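For reference, model_4.csv is printed below; it contains CSV, C-alpha atoms and all ligand atoms.
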chain,number,residue,atom,x,y,z
A,1,MET,CA,109.8,146.7,144.5
A,2,GLN,CA,108.5,144.6,141.6
A,3,ALA,CA,106.7,141.4,142.9
A,4,LEU,CA,104.5,138.8,141.2
A,5,ARG,CA,101.3,138.6,143.2
A,6,VAL,CA,98.6,135.9,143.3
A,7,ASP,CA,95.6,138.1,144.2
A,8,CYS,CA,93.1,135.3,143.8
A,9,LEU,CA,93.2,131.7,142.7
A,10,SER,CA,92.4,130.9,139.0
A,11,ASP,CA,92.9,128.2,136.5
A,12,ASP,CA,94.2,130.5,133.8
A,13,LEU,CA,96.7,132.8,135.6
A,14,SER,CA,94.1,135.6,135.5
A,15,GLY,CA,94.4,136.1,139.3
A,16,MET,CA,98.0,137.2,139.0
A,17,THR,CA,99.5,140.7,138.6
A,18,LEU,CA,103.0,142.2,138.6
A,19,ALA,CA,102.7,144.7,141.6
A,20,ASP,CA,104.8,147.5,143.0
A,21,LEU,CA,105.2,146.6,146.7
A,22,PRO,CA,107.3,147.8,149.6
A,23,PRO,CA,110.3,145.5,150.2
A,24,PRO,CA,109.7,142.8,152.9
A,25,ALA,CA,110.7,143.8,156.5
A,26,ARG,CA,113.3,141.5,157.8
A,27,VAL,CA,112.7,140.0,161.3
A,28,PRO,CA,115.4,138.5,163.5
A,29,GLY,CA,116.3,135.1,162.3
A,30,GLU,CA,115.7,136.0,158.7
A,31,VAL,CA,118.1,137.0,155.9
A,32,LEU,CA,117.1,139.8,153.5
A,33,VAL,CA,118.2,138.9,149.9
A,34,GLN,CA,118.5,140.9,146.7
A,35,VAL,CA,117.0,138.4,144.3
A,36,ARG,CA,119.0,138.2,141.1
A,37,ALA,CA,117.3,135.2,139.5
A,38,ALA,CA,114.3,133.0,140.5
A,39,SER,CA,113.2,129.8,138.9
A,40,LEU,CA,109.7,128.5,138.1
A,41,ASN,CA,108.7,125.1,139.6
A,42,PHE,CA,105.5,123.1,138.9
A,43,PRO,CA,104.3,123.8,142.4
A,44,ASP,CA,104.3,127.5,141.7
A,45,LEU,CA,101.8,126.9,138.9
A,46,LEU,CA,99.7,124.6,141.1
A,47,MET,CA,99.7,127.2,143.9
A,48,THR,CA,98.1,129.8,141.5
A,49,ARG,CA,95.2,127.3,141.2
A,50,GLY,CA,95.0,126.3,144.9
A,51,GLU,CA,95.9,122.7,143.8
A,52,TYR,CA,99.2,122.3,145.7
A,53,GLN,CA,99.4,120.6,149.1
A,54,PHE,CA,100.7,123.9,150.6
A,55,LYS,CA,97.9,126.5,150.2
A,56,PRO,CA,99.1,130.0,151.1
A,57,GLU,CA,96.4,132.6,151.8
A,58,VAL,CA,95.8,135.0,149.0
A,59,PRO,CA,97.2,137.5,148.3
A,60,PHE,CA,100.7,136.2,148.3
A,61,THR,CA,103.9,136.7,146.3
A,62,SER,CA,104.7,133.7,144.1
A,63,GLY,CA,108.0,131.9,143.8
A,64,LEU,CA,109.5,128.9,145.6
A,65,GLU,CA,113.2,129.6,145.0
A,66,PHE,CA,115.8,132.2,144.1
A,67,ALA,CA,119.5,133.0,144.0
A,68,GLY,CA,120.8,136.4,145.0
A,69,GLU,CA,123.0,138.5,147.3
A,70,VAL,CA,122.6,139.0,151.0
A,71,LEU,CA,121.5,142.5,151.9
A,72,GLU,CA,121.0,142.1,155.7
A,73,ALA,CA,121.5,139.3,158.2
A,74,ASP,CA,121.9,138.7,161.9
A,75,PRO,CA,125.6,138.7,162.9
A,76,ASP,CA,125.3,135.1,164.1
A,77,SER,CA,123.3,133.9,161.1
A,78,GLY,CA,126.3,132.5,159.2
A,79,PHE,CA,125.6,134.9,156.3
A,80,ALA,CA,127.2,138.2,155.6
A,81,PRO,CA,126.1,141.1,153.3
A,82,GLY,CA,127.2,140.6,149.8
A,83,GLU,CA,127.4,136.8,150.0
A,84,ARG,CA,125.9,134.9,147.1
A,85,VAL,CA,123.1,132.5,148.3
A,86,MET,CA,120.3,130.3,147.0
A,87,GLY,CA,117.2,129.0,148.6
A,88,GLY,CA,113.5,130.0,149.2
A,89,ASN,CA,110.6,129.7,151.5
A,90,LYS,CA,107.7,128.2,149.4
A,91,THR,CA,106.5,131.7,148.3
A,92,GLY,CA,108.1,135.2,147.8
A,93,ALA,CA,110.9,134.4,145.3
A,94,PHE,CA,109.4,136.3,142.3
A,95,ALA,CA,110.3,139.7,143.7
A,96,GLU,CA,113.2,142.0,143.8
A,97,THR,CA,113.9,141.3,147.5
A,98,ALA,CA,112.9,138.4,149.7
A,99,SER,CA,113.3,137.8,153.5
A,100,VAL,CA,113.6,134.1,154.5
A,101,PRO,CA,114.8,132.2,157.6
A,102,ALA,CA,118.6,131.6,157.5
A,103,ALA,CA,118.0,127.9,157.6
A,104,LYS,CA,116.3,128.1,154.2
A,105,LEU,CA,119.5,129.4,152.5
A,106,SER,CA,122.8,127.9,151.4
A,107,PRO,CA,125.8,129.4,149.8
A,108,MET,CA,125.9,129.3,146.0
A,109,PRO,CA,128.4,126.8,144.5
A,110,ARG,CA,131.6,128.6,143.6
A,111,GLY,CA,131.8,129.6,139.9
A,112,MET,CA,128.0,129.3,139.3
A,113,ASP,CA,126.0,132.2,138.0
A,114,PHE,CA,122.7,133.4,139.5
A,115,PRO,CA,120.3,131.8,136.9
A,116,ALA,CA,122.0,128.4,137.2
A,117,ALA,CA,121.9,128.5,141.0
A,118,ALA,CA,118.2,129.5,140.9
A,119,ALA,CA,117.5,126.6,138.5
A,120,MET,CA,119.5,124.0,140.5
A,121,GLY,CA,118.0,124.2,144.0
A,122,ALA,CA,114.7,122.4,144.3
A,123,ALA,CA,115.2,120.2,141.2
A,124,TYR,CA,118.5,118.7,142.3
A,125,SER,CA,117.6,118.4,145.9
A,126,THR,CA,114.5,116.5,144.8
A,127,ALA,CA,116.5,114.3,142.5
A,128,TYR,CA,119.3,113.7,145.1
A,129,THR,CA,116.9,112.9,148.0
A,130,GLY,CA,115.0,110.5,145.7
A,131,LEU,CA,117.7,108.7,143.9
A,132,VAL,CA,120.5,108.7,146.4
A,133,GLU,CA,119.0,109.2,149.9
A,134,LEU,CA,115.8,107.1,149.5
A,135,GLY,CA,116.7,105.1,146.4
A,136,GLY,CA,120.2,104.1,147.4
A,137,LEU,CA,121.4,104.5,143.8
A,138,ARG,CA,124.6,102.7,142.9
A,139,GLU,CA,126.9,102.9,139.9
A,140,GLY,CA,125.8,100.8,137.0
A,141,GLN,CA,122.2,100.6,138.0
A,142,TRP,CA,119.4,101.4,135.5
A,143,VAL,CA,117.2,104.4,136.3
A,144,LEU,CA,114.0,105.1,134.4
A,145,VAL,CA,113.1,108.9,134.6
A,146,HIS,CA,109.7,110.1,133.5
A,147,GLY,CA,108.8,113.7,132.7
A,148,ALA,CA,112.5,114.0,131.6
A,149,SER,CA,112.0,117.4,129.9
A,150,GLY,CA,110.9,119.0,133.2
A,151,GLY,CA,113.1,120.6,135.8
A,152,VAL,CA,113.0,117.7,138.2
A,153,GLY,CA,113.2,115.1,135.5
A,154,LEU,CA,116.2,116.6,133.8
A,155,ALA,CA,118.0,117.0,137.1
A,156,ALA,CA,117.3,113.3,137.9
A,157,CYS,CA,118.8,112.3,134.5
A,158,ASP,CA,121.8,114.5,135.0
A,159,LEU,CA,122.5,113.4,138.5
A,160,ALA,CA,122.0,109.7,137.8
A,161,ARG,CA,124.5,110.0,134.9
A,162,ALA,CA,127.0,111.9,137.1
A,163,LEU,CA,126.8,109.1,139.7
A,164,GLY,CA,127.5,106.4,137.1
A,165,ALA,CA,124.0,105.0,136.6
A,166,LYS,CA,122.5,104.1,133.2
A,167,VAL,CA,119.5,106.3,132.3
A,168,ILE,CA,116.4,105.8,130.3
A,169,ALA,CA,114.6,109.1,130.0
A,170,THR,CA,110.9,109.3,128.9
A,171,THR,CA,108.7,112.1,127.7
A,172,GLY,CA,105.1,112.4,126.7
A,173,SER,CA,106.0,114.8,123.9
A,174,ALA,CA,107.7,113.2,120.8
A,175,ASP,CA,109.1,116.6,119.6
A,176,LYS,CA,111.2,116.9,122.8
A,177,ILE,CA,113.1,113.6,122.4
A,178,GLY,CA,116.0,115.2,120.5
A,179,ARG,CA,116.4,118.1,123.0
A,180,ILE,CA,116.3,115.7,126.0
A,181,ALA,CA,119.0,113.5,124.4
A,182,ALA,CA,121.2,116.5,123.7
A,183,LEU,CA,120.8,118.1,127.2
A,184,ALA,CA,120.9,115.0,129.4
A,185,SER,CA,122.8,112.5,127.4
A,186,PRO,CA,120.8,109.5,128.7
A,187,ASP,CA,121.4,106.0,127.3
A,188,ALA,CA,118.0,106.2,125.7
A,189,VAL,CA,114.9,108.5,125.4
A,190,LEU,CA,111.5,106.8,125.0
A,191,LEU,CA,108.1,108.1,124.3
A,192,ALA,CA,106.0,107.3,127.5
A,193,GLU,CA,102.9,106.4,125.6
A,194,GLY,CA,100.9,103.2,125.9
A,195,ARG,CA,103.1,100.1,126.5
A,196,PHE,CA,106.8,101.0,127.0
A,197,ARG,CA,107.8,98.1,129.3
A,198,GLU,CA,109.1,96.0,126.3
A,199,ALA,CA,111.4,98.9,125.3
A,200,VAL,CA,112.7,99.1,128.9
A,201,ALA,CA,113.2,95.3,129.0
A,202,ASP,CA,115.1,95.4,125.7
A,203,LEU,CA,117.4,98.3,126.8
A,204,THR,CA,118.2,96.6,130.1
A,205,ASP,CA,118.7,93.1,128.7
A,206,GLY,CA,115.6,92.0,130.5
A,207,ARG,CA,116.6,93.3,133.9
A,208,LEU,CA,114.2,96.3,134.0
A,209,ALA,CA,114.8,99.5,136.0
A,210,ASP,CA,116.4,99.5,139.5
A,211,ILE,CA,114.7,102.8,140.2
A,212,VAL,CA,111.7,104.3,138.4
A,213,PHE,CA,111.6,108.1,139.2
A,214,ASP,CA,108.0,109.2,138.4
A,215,PRO,CA,107.0,112.9,138.6
A,216,VAL,CA,104.1,112.2,136.1
A,217,GLY,CA,101.8,109.6,137.6
A,218,GLY,CA,98.5,108.5,135.8
A,219,ASP,CA,99.0,106.1,132.9
A,220,VAL,CA,102.8,106.5,133.1
A,221,PHE,CA,102.7,105.2,136.7
A,222,ASP,CA,100.4,102.3,135.7
A,223,GLU,CA,102.8,101.1,133.0
A,224,SER,CA,105.8,101.8,135.3
A,225,THR,CA,104.5,99.0,137.7
A,226,ARG,CA,105.6,96.7,134.9
A,227,CYS,CA,109.1,98.3,134.5
A,228,VAL,CA,110.6,97.8,137.9
A,229,ALA,CA,113.3,95.2,138.5
A,230,PHE,CA,112.9,92.6,141.3
A,231,GLY,CA,114.3,94.3,144.4
A,232,GLY,CA,113.9,97.7,142.7
A,233,LYS,CA,112.1,100.9,143.7
A,234,LEU,CA,109.1,102.7,142.1
A,235,MET,CA,109.3,106.3,143.3
A,236,VAL,CA,106.2,108.5,143.5
A,237,VAL,CA,107.5,112.1,142.9
A,238,GLY,CA,104.5,114.0,141.5
A,239,PHE,CA,101.4,114.0,139.3
A,240,THR,CA,101.9,116.3,136.4
A,241,SER,CA,99.6,114.1,134.3
A,242,GLY,CA,96.8,115.3,136.7
A,243,ARG,CA,95.8,111.8,137.8
A,244,ILE,CA,96.9,110.2,141.1
A,245,ALA,CA,97.3,106.5,140.2
A,246,GLU,CA,96.2,103.6,142.3
A,247,ILE,CA,98.0,100.3,142.8
A,248,SER,CA,96.9,96.9,144.2
A,249,THR,CA,99.2,95.9,147.0
A,250,ASN,CA,99.7,92.4,145.5
A,251,ILE,CA,101.7,94.0,142.6
A,252,PRO,CA,104.7,95.1,144.6
A,253,LEU,CA,104.5,91.8,146.5
A,254,ILE,CA,104.5,89.6,143.4
A,255,LYS,CA,107.1,91.6,141.6
A,256,GLY,CA,109.3,92.2,144.7
A,257,PHE,CA,109.6,96.0,144.4
A,258,SER,CA,109.2,98.8,146.9
A,259,LEU,CA,106.9,101.8,146.4
A,260,VAL,CA,108.7,104.9,147.8
A,261,GLY,CA,107.0,108.2,148.4
A,262,LEU,CA,109.3,111.2,148.0
A,263,ARG,CA,108.9,114.6,149.8
A,264,ALA,CA,112.3,116.2,149.4
A,265,GLY,CA,111.5,119.5,151.2
A,266,GLU,CA,109.8,117.7,154.1
A,267,TYR,CA,112.7,115.3,154.3
A,268,ALA,CA,115.1,118.1,154.8
A,269,ARG,CA,112.8,119.8,157.4
A,270,ARG,CA,112.5,116.6,159.4
A,271,PHE,CA,116.1,115.6,159.1
A,272,PRO,CA,118.0,119.0,158.9
A,273,GLU,CA,121.4,117.5,159.2
A,274,ARG,CA,120.7,115.1,156.3
A,275,GLY,CA,119.3,118.1,154.4
A,276,ARG,CA,122.5,120.0,154.8
A,277,GLN,CA,124.5,116.9,153.7
A,278,ILE,CA,122.4,116.6,150.6
A,279,GLN,CA,123.0,120.3,149.8
A,280,SER,CA,126.7,119.9,150.3
A,281,ALA,CA,126.9,116.8,148.1
A,282,ILE,CA,125.0,118.7,145.3
A,283,THR,CA,127.3,121.7,145.7
A,284,ALA,CA,130.4,119.5,145.5
A,285,LEU,CA,129.1,117.9,142.3
A,286,ALA,CA,128.3,121.3,140.8
A,287,GLU,CA,131.7,122.8,141.7
A,288,ALA,CA,133.4,119.8,140.2
A,289,GLY,CA,131.5,120.4,137.0
A,290,ARG,CA,129.7,117.0,137.1
A,291,ILE,CA,126.2,118.4,137.1
A,292,THR,CA,124.7,121.3,135.2
A,293,PRO,CA,121.1,122.6,135.5
A,294,ALA,CA,119.3,122.9,132.2
A,295,ILE,CA,117.6,126.2,131.5
A,296,ASP,CA,115.0,126.5,128.7
A,297,ARG,CA,114.8,130.3,128.9
A,298,ILE,CA,115.7,133.3,131.0
A,299,LEU,CA,113.0,136.0,131.1
A,300,PRO,CA,112.6,139.4,132.7
A,301,LEU,CA,110.0,139.1,135.5
A,302,SER,CA,107.8,141.5,133.5
A,303,ARG,CA,107.4,138.5,131.1
A,304,TRP,CA,106.2,136.1,133.9
A,305,HIS,CA,103.1,135.2,131.9
A,306,GLU,CA,105.1,133.7,129.1
A,307,GLY,CA,107.0,131.5,131.5
A,308,PHE,CA,104.0,130.3,133.4
A,309,GLU,CA,102.1,129.6,130.2
A,310,ALA,CA,105.0,127.7,128.7
A,311,MET,CA,105.0,125.4,131.7
A,312,ALA,CA,101.2,125.0,131.7
A,313,ASN,CA,101.3,124.2,128.0
A,314,ARG,CA,104.1,121.7,128.5
A,315,GLU,CA,106.4,123.5,126.1
A,316,LEU,CA,109.6,123.5,128.2
A,317,VAL,CA,112.7,121.4,128.1
A,318,GLY,CA,114.5,122.6,131.3
A,319,LYS,CA,113.8,125.5,133.7
A,320,VAL,CA,112.3,128.9,133.3
A,321,VAL,CA,114.3,131.6,135.2
A,322,PHE,CA,112.9,135.0,135.9
A,323,VAL,CA,115.1,138.1,136.5
A,324,PRO,CA,113.3,140.5,138.8
A,325,GLY,CA,113.6,144.2,138.3
A,326,SER,CA,113.5,143.9,134.5
B,1,LIG,N1,108.2,114.8,145.6
B,1,LIG,C1,108.9,115.9,145.8
B,1,LIG,O1,109.6,116.1,146.7
B,1,LIG,C2,108.8,117.0,144.7
B,1,LIG,C3,109.7,118.1,144.7
B,1,LIG,C4,109.6,119.0,143.6
B,1,LIG,C5,108.7,118.8,142.6
B,1,LIG,N2,107.9,117.7,142.7
B,1,LIG,C6,106.9,117.4,141.6
B,1,LIG,O2,107.6,117.0,140.5
B,1,LIG,C7,106.8,117.3,139.3
B,1,LIG,C8,107.6,118.0,138.3
B,1,LIG,O3,107.9,119.3,138.7
B,1,LIG,P1,108.8,120.2,137.7
B,1,LIG,O4,109.0,121.5,138.4
B,1,LIG,O5,110.0,119.5,137.2
B,1,LIG,O6,107.7,120.5,136.5
B,1,LIG,P2,108.0,120.8,135.0
B,1,LIG,O7,109.3,121.4,134.8
B,1,LIG,O8,106.8,121.4,134.4
B,1,LIG,O9,108.1,119.3,134.4
B,1,LIG,C9,107.0,118.5,134.4
B,1,LIG,C10,107.0,117.5,133.2
B,1,LIG,O10,105.9,116.6,133.3
B,1,LIG,C11,105.5,116.2,132.0
B,1,LIG,N3,104.1,116.1,131.9
B,1,LIG,C12,103.4,114.9,131.7
B,1,LIG,N4,102.1,115.2,131.6
B,1,LIG,C13,101.9,116.5,131.8
B,1,LIG,C14,100.8,117.3,131.8
B,1,LIG,N5,99.6,116.8,131.6
B,1,LIG,N6,101.0,118.6,132.1
B,1,LIG,C15,102.2,119.1,132.3
B,1,LIG,N7,103.4,118.4,132.2
B,1,LIG,C16,103.2,117.1,132.0
B,1,LIG,C17,106.1,117.2,131.0
B,1,LIG,O11,107.1,116.5,130.3
B,1,LIG,P3,106.9,115.8,128.9
B,1,LIG,O12,106.2,116.9,128.0
B,1,LIG,O13,108.3,115.6,128.4
B,1,LIG,O14,106.1,114.6,129.1
B,1,LIG,C18,106.8,118.2,131.9
B,1,LIG,O15,108.0,118.7,131.3
B,1,LIG,C19,105.6,118.1,139.8
B,1,LIG,O16,104.5,117.3,140.0
B,1,LIG,C20,106.1,118.6,141.2
B,1,LIG,O17,105.0,118.9,142.1
B,1,LIG,C21,107.9,116.8,143.7
Could you render the structure as structure tokens?
Amino acid sequence: MQALRVDCLSDDLSGMTLADLPPPARVPGEVLVQVRAASLNFPDLLMTRGEYQFKPEVPFTSGLEFAGEVLEADPDSGFAPGERVMGGNKTGAFAETASVPAAKLSPMPRGMDFPAAAAMGAAYSTAYTGLVELGGLREGQWVLVHGASGGVGLAACDLARALGAKVIATTGSADKIGRIAALASPDAVLLAEGRFREAVADLTDGRLADIVFDPVGGDVFDESTRCVAFGGKLMVVGFTSGRIAEISTNIPLIKGFSLVGLRAGEYARRFPERGRQIQSAITALAEAGRITPAIDRILPLSRWHEGFEAMANRELVGKVVFVPGS
């Protein structure tokens, strides 16, 4: 089968090859899946460099998440051959078949196609765990979403809007403003450069943001400490800027906000019942047509380099989806 391998770690994707491998052997407890679509996440890129918190031993097959059809499962697994599923197990998704523990899979939302299901998983569970589960998002609140052109950022904008919040999206790339506005319909899109607190204050009539959702970090985080409403939450989601910011503890005290660390995958692992409820809530929203994952491009897996490079060069608005076997 076709599989995208990371043979050695590199900063420029040079350690990766599209290989022809035997399909994975399913062990009891796992489900063997024919992968129909798999989406690229920032951690996939970080793992090729050895810069992600999870560091698989090389060589490994890349890919956090996929959507596909069950080929083989234990009779008591809850899954049957032919069923359409989505999920992943940190690696192994960029291949024609994948074998993952049953607990890492969920049924695809009814009416959704494979690329959309592959694009929805991690991005929306991250957004939901952050905004709803840890953020306690309520209708009418203001949410400031950074990195809004990214998979996670666009999901946060879409979800917040679907739940009745008011959304200010930000991007570091001026040329993406129009595309973010068209895809996510936020209340406003700002350029996250320099001082943007005054723009946030103007848009919210001086209230500032009830939740700041920050996958970018660095300077964007620094300025965000000035954008949180009293009683609000500043959520640390990631560091795509490449700099992990620091904060003096007197700032959240004086301004009366909470700093919240988000680890969506770990949250679902530690609280599996909550994880299942989060997944069900996302599925219900998707089946009701209230959320729709944004896809920038769908590529055959043979064009993996183009997808990874577009993410590394910050060209995307929405997800890259690979179709294995093509
Ligand atoms: N905490 C969690 O549980 C969790 C779960 C999943 C992912 N994450 C993290 O969330 C972040 C976003 O992941 P993603 O899959 O949505 O990534 P993505 O699709 O590549 O989006 C990242 C966005 O960050 C912005 N950005 C700002 N500075 C950048 C830079 N120097 N290089 C690249 N992008 C930069 C870009 O938006 P603009 O060009 O519009 O500025 C880009 O679209 C990652 O750090 C990832 O590790 C966290």
Let me make sure I understand: among A:Leu191, A:Val260, A:Ala73, A:Ala148, which one has the smallest atom-to-atom distance to Ser173 (chain A) if we use all atoms listed in the file?
A:Leu191
Non-local contacts of Ala122 (chain A) (9 Å; only C-alpha atoms; under 3 positions in same chain excluded) as a PyMOL selection string
chain A and resi 41+64-65+87+118-119+125-127+151-152+264-265
Residues within 7 Å of ligand LIG 1 (chain B) should be enumerated using all atoms listed in the file and returned as a PDB file with C-alpha atoms, keeping the file's coordinate frame.
ATOM      1  CA  ASN A  41     108.700 125.100 139.600  1.00  0.00           C
ATOM      2  CA  PHE A  42     105.500 123.100 138.900  1.00  0.00           C
ATOM      3  CA  PRO A  43     104.300 123.800 142.400  1.00  0.00           C
ATOM      4  CA  ALA A 122     114.700 122.400 144.300  1.00  0.00           C
ATOM      5  CA  ALA A 123     115.200 120.200 141.200  1.00  0.00           C
ATOM      6  CA  THR A 126     114.500 116.500 144.800  1.00  0.00           C
ATOM      7  CA  GLY A 147     108.800 113.700 132.700  1.00  0.00           C
ATOM      8  CA  ALA A 148     112.500 114.000 131.600  1.00  0.00           C
ATOM      9  CA  SER A 149     112.000 117.400 129.900  1.00  0.00           C
ATOM     10  CA  GLY A 150     110.900 119.000 133.200  1.00  0.00           C
ATOM     11  CA  GLY A 151     113.100 120.600 135.800  1.00  0.00           C
ATOM     12  CA  VAL A 152     113.000 117.700 138.200  1.00  0.00           C
ATOM     13  CA  GLY A 153     113.200 115.100 135.500  1.00  0.00           C
ATOM     14  CA  THR A 170     110.900 109.300 128.900  1.00  0.00           C
ATOM     15  CA  THR A 171     108.700 112.100 127.700  1.00  0.00           C
ATOM     16  CA  GLY A 172     105.100 112.400 126.700  1.00  0.00           C
ATOM     17  CA  SER A 173     106.000 114.800 123.900  1.00  0.00           C
ATOM     18  CA  LYS A 176     111.200 116.900 122.800  1.00  0.00           C
ATOM     19  CA  PRO A 215     107.000 112.900 138.600  1.00  0.00           C
ATOM     20  CA  VAL A 216     104.100 112.200 136.100  1.00  0.00           C
ATOM     21  CA  VAL A 236     106.200 108.500 143.500  1.00  0.00           C
ATOM     22  CA  VAL A 237     107.500 112.100 142.900  1.00  0.00           C
ATOM     23  CA  GLY A 238     104.500 114.000 141.500  1.00  0.00           C
ATOM     24  CA  PHE A 239     101.400 114.000 139.300  1.00  0.00           C
ATOM     25  CA  THR A 240     101.900 116.300 136.400  1.00  0.00           C
ATOM     26  CA  SER A 241      99.600 114.100 134.300  1.00  0.00           C
ATOM     27  CA  GLY A 242      96.800 115.300 136.700  1.00  0.00           C
ATOM     28  CA  LEU A 262     109.300 111.200 148.000  1.00  0.00           C
ATOM     29  CA  ARG A 263     108.900 114.600 149.800  1.00  0.00           C
ATOM     30  CA  ALA A 264     112.300 116.200 149.400  1.00  0.00           C
ATOM     31  CA  GLY A 265     111.500 119.500 151.200  1.00  0.00           C
ATOM     32  CA  MET A 311     105.000 125.400 131.700  1.00  0.00           C
ATOM     33  CA  ALA A 312     101.200 125.000 131.700  1.00  0.00           C
ATOM     34  CA  ASN A 313     101.300 124.200 128.000  1.00  0.00           C
ATOM     35  CA  ARG A 314     104.100 121.700 128.500  1.00  0.00           C
ATOM     36  CA  GLU A 315     106.400 123.500 126.100  1.00  0.00           C
ATOM     37  CA  LEU A 316     109.600 123.500 128.200  1.00  0.00           C
ATOM     38  CA  VAL A 317     112.700 121.400 128.100  1.00  0.00           C
ATOM     39  CA  GLY A 318     114.500 122.600 131.300  1.00  0.00           C
ATOM     40  CA  LYS A 319     113.800 125.500 133.700  1.00  0.00           C
TER      41      LYS A 319
END
Within 12 Å of Ser280 (chain A), counting only C-alpha atoms, which residues qualify if same-chain residues fewer than 5 places away don't, as a compact mmCIF listing (two decimals) with C-alpha atoms, in the coordinates of the input?
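Result written to around_0.txt:
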# COMPACT_ATOMS: atom_id res chain seq x y z
CA SER A 106 122.80 127.90 151.40
CA PRO A 107 125.80 129.40 149.80
CA MET A 108 125.90 129.30 146.00
CA PRO A 109 128.40 126.80 144.50
CA GLY A 121 118.00 124.20 144.00
CA TYR A 124 118.50 118.70 142.30
CA SER A 125 117.60 118.40 145.90
CA TYR A 128 119.30 113.70 145.10
CA GLU A 273 121.40 117.50 159.20
CA ARG A 274 120.70 115.10 156.30
CA GLY A 275 119.30 118.10 154.40
CA LEU A 285 129.10 117.90 142.30
CA ALA A 286 128.30 121.30 140.80
CA GLU A 287 131.70 122.80 141.70
Counting only C-alpha atoms, the option among A:Ala288, A:Met112, A:Leu301, A:Ile211 closest to Ser62 (chain A):
A:Leu301
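Excluding Glu30 (chain A) and any residue on its chain fewer than 5 positions from it, the residues at most 8 Å away by all atoms listed in the file are A:Ala73, A:Asp74, A:Ser99, A:Val100, A:Pro101, A:Ala102.
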Could those residues be written to a file, using C-alpha atoms, as a PDB file, in the coordinates of the input?
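part34.pdb, written as the output of this step:
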ATOM      1  CA  ALA A  73     121.500 139.300 158.200  1.00  0.00           C
ATOM      2  CA  ASP A  74     121.900 138.700 161.900  1.00  0.00           C
ATOM      3  CA  SER A  99     113.300 137.800 153.500  1.00  0.00           C
ATOM      4  CA  VAL A 100     113.600 134.100 154.500  1.00  0.00           C
ATOM      5  CA  PRO A 101     114.800 132.200 157.600  1.00  0.00           C
ATOM      6  CA  ALA A 102     118.600 131.600 157.500  1.00  0.00           C
TER       7      ALA A 102
END
With all atoms listed in the file as the basis for distance, which of A:Phe60, A:Met235, A:Ala192, A:Ile177 is at the shortest distance from Leu134 (chain A)?
A:Met235
Long-range neighbours of Asp20 (chain A) as a compact mmCIF listing (two decimals) with C-alpha atoms, in the coordinates of the input, 7 Å cut-off, all atoms listed in the file, 4 positions minimum in chain:
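The new file result-v2.txt reads:
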# COMPACT_ATOMS: atom_id res chain seq x y z
CA MET A 1 109.80 146.70 144.50
CA GLN A 2 108.50 144.60 141.60
CA ALA A 3 106.70 141.40 142.90
Which of these, A:Ala209, A:Arg49, A:Leu21, A:Glu266, has the shortest distance to Lys90 (chain A) once you count only C-alpha atoms?
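Smallest separation from Lys90 (chain A) among the options: A:Glu266.
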CA of Gly307 (chain A) to CA of Met47 (chain A), straight-line distance in Å:
15.0 Å
Please identify all polymer residues within 6 Å of region 8-18 of chain A, counting all atoms listed in the file, omitting same-chain residues fewer than 2 positions from it, and present them as a list in words.
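My reading of the contact set: Ala3, Leu4, Arg5, Val6, Thr48, Arg49 and Val58 of chain A.
Interatomic distance, CA of Ala281 (chain A) to CA of Leu208 (chain A): 27.9 Å.
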Interatomic distance (Å, one decimal) between CA of Ala229 (chain A) and CA of Arg207 (chain A)
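CA of Arg207 (chain A) lies 6.0 Å from CA of Ala229 (chain A).
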Could you check the closest approach to Gly130 (chain A) for each of A:Ala284, A:Ile295, A:Leu253, A:Ala155 and tell me which residue wins, using all atoms listed in the file?
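Using all atoms listed in the file, the shortest distance to Gly130 (chain A) belongs to A:Ala155.
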Show me the residues close to (109.0, 135.3, 146.3) - anything with an atom within 7 Å, counting only C-alpha atoms - and format the list as a ChimeraX atom specification.
/A:61-64,91-95,98
Because some atoms of region 287-292 of chain A are absent here, can you restore N, CA, C and O atoms and send them as an mmCIF file, in the coordinates of the input?
data_model
loop_
_atom_site.group_PDB
_atom_site.id
_atom_site.type_symbol
_atom_site.label_atom_id
_atom_site.label_comp_id
_atom_site.auth_asym_id
_atom_site.auth_seq_id
_atom_site.Cartn_x
_atom_site.Cartn_y
_atom_site.Cartn_z
ATOM 1 N N GLU A 287 130.381 122.098 141.773
ATOM 2 C CA GLU A 287 131.700 122.800 141.700
ATOM 3 C C GLU A 287 132.708 121.942 140.956
ATOM 4 O O GLU A 287 133.643 122.484 140.364
ATOM 5 N N ALA A 288 132.512 120.627 140.956
ATOM 6 C CA ALA A 288 133.400 119.800 140.200
ATOM 7 C C ALA A 288 133.005 119.692 138.713
ATOM 8 O O ALA A 288 133.640 118.991 137.925
ATOM 9 N N GLY A 289 131.935 120.400 138.363
ATOM 10 C CA GLY A 289 131.500 120.400 137.000
ATOM 11 C C GLY A 289 130.803 119.138 136.534
ATOM 12 O O GLY A 289 130.683 118.857 135.346
ATOM 13 N N ARG A 290 130.343 118.327 137.508
ATOM 14 C CA ARG A 290 129.700 117.000 137.100
ATOM 15 C C ARG A 290 128.247 117.118 136.916
ATOM 16 O O ARG A 290 127.654 116.205 136.357
ATOM 17 N N ILE A 291 127.606 118.180 137.391
ATOM 18 C CA ILE A 291 126.200 118.400 137.100
ATOM 19 C C ILE A 291 125.966 119.837 136.650
ATOM 20 O O ILE A 291 126.646 120.745 137.124
ATOM 21 N N THR A 292 125.017 120.009 135.736
ATOM 22 C CA THR A 292 124.700 121.300 135.200
ATOM 23 C C THR A 292 123.227 121.480 134.996
ATOM 24 O O THR A 292 122.646 120.727 134.212
#
